[in-house]
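Novice: Mind having a look at this structure? Questions to follow.
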Amino acid sequence: MKCPSCGYKFNKGSICPACGDMAALRIKACNISVRLYNKGLEQAKNRDLSGAVESLKKSILFDKNNINARNLLGLIYYEIGQMADALIQWIVSQNIKSDKNPAADYLADYEENIRSSEKMEDSVSLYNEALRYVKEKNDDLAIIRLKKALDINGKFIGALNLLSLCYLMRGRNNDALDIVNTVLRMDVNNPVALGYYRQLCPDKSRPDPRINKSEMRYATYYMPPDIVKNKKVGKPLNPAVMFAVGCVCTIIVMFVLVIPSITEKYESEYTDISDEYKKLQTDYESLTVKSNEMSDKLTAENEELKNQLNNVNAKEIQERASRLTSIRSLYDNGQTVQAAQQLIALNTDGFSSETINTYNALRNEVLPAAAQDYYTLGRTAEKQRNFELAKTQYNNCLTCSLSDTEVKYNAMLRLGIIAEDAGDTANAKAYYQKVVDNSPSRSAKNDAQRRYNKIIDAQ
């Protein structure tokens, strides 16, 4: 016998002389774990995912180091949308065995496809929101959240079952039945979906499900073949005597040796396995407590980071709001253009309503004055035949014009004249047309109309 704990080989007894572990009991527990794993594997292949989860959980209880069971359980959790449970199983599996463990590949795929994984987590968040809405009896919002979750992950069985419940609450039995049938095609013995089916179709027996082979990357495990030794039996001298002696011997052996021995053996095995099960359950509960503690710690750290980020954002918003004072100072000192440039470039995201009112009041005061200054600068540049600078100043005038003011359309008229002189008749006509249609100045309208007609006649 080889001790599963330390690897020491010994011939007699059930307790390892090297480490003192109950090797025989641990081997029995490992064999039970393997049988439960193989059962879970077969159930998963036949799309009985709920049954597979239960078998694999029991397999891990008997042997917490059964990485094949943990990896397969993680894959099934991933398949039905329980991302957090899947990651726990793969992380524990990798900690048990880091070399040549498929769990490392699953975790690597998760990290490489982080955007898809985040979407899966988004679907879980939407499901949790929907669950809260159902508890609040707000099934309309719950249905919207669940449909969004299923758009991200159509195999999210929990979301599908909750959507069935919402449809049942609204009396949409046909829609609920469609969802139930979808779930039962994915998980043939899902207890929640079966309960809804019996409620929707009490007089019908459920048809045999159509079994589809799963596409998950299941680990393969082979049970060692049983070794059966057959003894050679000599030819009986007298069949009648041999039969009578055999019956008597069989009865004696059964009542004197075999039955008491079997009874004692199974009672002992049951007691040992029960003790081991309790120990494994304690280990599992300890791991769960540690996992919850880690989750609480990460949640607290996340809240702290959020608070720090909020403080940084508040400081940055305050710095931007304080620029209004310097802009006001520039304007009061006659630097209207510079004040307008800073005012246009200022980001007002996060400003309070009071600060927004101050910003709007300053904007309504500064920008019209800046528009007039830009128009004057444009005329000066145009007279100096610096047409590129003139165009820039006129466009700045348009940017600062908050309404259909005279200076705005005067700037458009000058832009049209510059474009016409440069041979760009298409833009010239566009500018002239806007002046004709919108300018409050009759002289500007007449000038623009005359120039527009001149271009048309020339064409």
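By order in the structure tokens, chains are A, B, ...; within a chain, residues start at 1; ligands start at 1, following the order shown.
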Kindly provide the residues of segment 360-381 of chain A that approach segment 408-418 of chain A to within 12 Å, each paired with its closest atom pair and their distance in Å to one decimal, based on only C-alpha atoms, listed by chain and increasing number, as a Markdown table.
Specialist:
```
| residue | atom | partner | partner_atom | distance |
| --- | --- | --- | --- | --- |
| A:Leu367 | CA | A:Lys408 | CA | 11.8 |
| A:Pro368 | CA | A:Lys408 | CA | 9.6 |
| A:Ala369 | CA | A:Lys408 | CA | 11.7 |
| A:Ala370 | CA | A:Lys408 | CA | 11.4 |
| A:Ala371 | CA | A:Lys408 | CA | 7.6 |
| A:Gln372 | CA | A:Lys408 | CA | 8.6 |
| A:Asp373 | CA | A:Ala411 | CA | 11.4 |
| A:Tyr374 | CA | A:Ala411 | CA | 9.2 |
| A:Tyr375 | CA | A:Ala411 | CA | 6.4 |
| A:Thr376 | CA | A:Ala411 | CA | 9.6 |
| A:Leu377 | CA | A:Ala411 | CA | 10.9 |
| A:Gly378 | CA | A:Ala411 | CA | 8.3 |
| A:Arg379 | CA | A:Arg414 | CA | 8.4 |
| A:Thr380 | CA | A:Arg414 | CA | 11.9 |
| A:Ala381 | CA | A:Arg414 | CA | 11.6 |
```
Novice: Give me the segment 110-154 of chain A side of the contact with segment 70-84 of chain A, cut-off 8 Å, one line per residue showing its nearest atom pair and distance in Å at one decimal, counting only C-alpha atoms, sorted by chain and residue number, as a tab-separated table.
Specialist:
```
residue	atom	partner	partner_atom	distance
A:Met120	CA	A:Gly81	CA	7.2
A:Glu121	CA	A:Met83	CA	7.0
A:Val124	CA	A:Gly81	CA	7.5
A:Asn153	CA	A:Gly81	CA	7.2
```
Novice: Neighbours of Leu36 of chain A within 6 Å (only C-alpha atoms; same-chain residues fewer than 2 positions away dropped), as a list of chain:residue names?
Specialist: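 The residues that qualify are A:Ser33, A:Val34, A:Asn38, A:Lys39, A:Ser55, A:Ser59.
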Novice: Can you write just those residues out, N, CA and C atoms, as a tab-separated table (two decimals), in the first residue's frame?
Specialist:
```tsv
chain	number	residue	atom	x	y	z
A	33	SER	N	-14.32	9.55	-4.08
A	33	SER	CA	-14.25	10.84	-4.77
A	33	SER	C	-14.12	10.64	-6.27
A	34	VAL	N	-13.30	9.66	-6.68
A	34	VAL	CA	-13.11	9.38	-8.11
A	34	VAL	C	-14.41	8.89	-8.74
A	38	ASN	N	-16.43	10.69	-11.77
A	38	ASN	CA	-16.81	10.06	-13.04
A	38	ASN	C	-18.32	10.15	-13.27
A	39	LYS	N	-19.08	10.05	-12.17
A	39	LYS	CA	-20.53	10.21	-12.29
A	39	LYS	C	-20.86	11.64	-12.74
A	55	SER	N	-22.87	16.04	-7.71
A	55	SER	CA	-21.91	14.93	-7.66
A	55	SER	C	-20.49	15.43	-7.43
A	59	SER	N	-17.82	14.86	-4.47
A	59	SER	CA	-16.48	14.34	-4.78
A	59	SER	C	-15.41	15.15	-4.07
```
Novice: Pick out the closest residue to Asp175 of chain A from this set: A:Ile91, A:Leu160, A:Cys400, A:Ala339. Count only C-alpha atoms.
Specialist: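 Of A:Ile91, A:Leu160, A:Cys400, A:Ala339, the one nearest Asp175 of chain A is A:Leu160, counting only C-alpha atoms.
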Novice: I'd like the neighbourhood of Asn173 of chain A as an NGL selection string, where a residue qualifies if any of its atoms comes within 12 Å (using only C-alpha atoms), though same-chain residues fewer than 4 positions away should be ignored.
Specialist: :A and (163-169 or 177-180 or 196-197 or 199-201)
Novice: Can you write just those residues out, C-alpha atoms, as a PDB file, in the first residue's frame?
Specialist:
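As a result, again.pdb now contains:
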```pdb
ATOM      1  CA  LEU A 163     -37.056  35.672 -16.238  1.00  0.00           C
ATOM      2  CA  SER A 164     -39.464  32.695 -16.266  1.00  0.00           C
ATOM      3  CA  LEU A 165     -40.654  33.711 -12.808  1.00  0.00           C
ATOM      4  CA  CYS A 166     -41.216  37.318 -13.952  1.00  0.00           C
ATOM      5  CA  TYR A 167     -43.273  36.117 -16.915  1.00  0.00           C
ATOM      6  CA  LEU A 168     -45.303  33.895 -14.573  1.00  0.00           C
ATOM      7  CA  MET A 169     -45.925  36.891 -12.281  1.00  0.00           C
ATOM      8  CA  LEU A 177     -42.802  28.042 -20.984  1.00  0.00           C
ATOM      9  CA  ASP A 178     -40.438  28.946 -23.848  1.00  0.00           C
ATOM     10  CA  ILE A 179     -37.785  30.036 -21.345  1.00  0.00           C
ATOM     11  CA  VAL A 180     -38.322  26.890 -19.226  1.00  0.00           C
ATOM     12  CA  TYR A 196     -42.045  25.833 -13.325  1.00  0.00           C
ATOM     13  CA  TYR A 197     -42.806  23.181 -15.984  1.00  0.00           C
ATOM     14  CA  GLN A 199     -46.807  24.479 -12.690  1.00  0.00           C
ATOM     15  CA  LEU A 200     -47.316  25.444 -16.341  1.00  0.00           C
ATOM     16  CA  CYS A 201     -48.189  21.957 -17.631  1.00  0.00           C
TER      17      CYS A 201
END
```
Novice: Where does DSSP see helix (DSSP H, G or I) in segment 151-194 of chain A, if you list the residues as a count of residues only?
Specialist: 33
Novice: Just how far from atom CA of Asn181 of chain A is atom CA of Arg47 of chain A, in Å to one decimal?
Specialist: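 Those two atoms sit 13.5 Å apart.
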Novice: Expressed in Å to a single decimal, how great is the separation between atom CA of Glu301 of chain A and atom CA of Asn313 of chain A?
Specialist: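 Straight-line distance from atom CA of Glu301 of chain A to atom CA of Asn313 of chain A works out to 18.3 Å.
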Novice: Compile the contact shell of Lys57 of chain A as a PyMOL selection string: residues with an atom at most 9 Å away, counting only C-alpha atoms, same-chain residues fewer than 3 positions apart removed.
Specialist: chain A and resi 36-37+52-54+60-62+69-70+73
Novice: Tell me which protein, DNA and RNA residues are within 9 Å of Leu280 of chain A, counting only C-alpha atoms, leaving out same-chain ones fewer than 3 positions away, and put them as JSON, numbers by chain.
Specialist: {"A": [60, 61, 62, 63, 64, 275, 276, 277, 283, 284, 285]}
Novice: Could you tell me how far atom CA of Asn360 of chain A lies from atom CA of Asn438 of chain A, in Å and to one decimal?
Specialist: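 Atom CA of Asn438 of chain A lies at a distance of 25.0 Å from atom CA of Asn360 of chain A.
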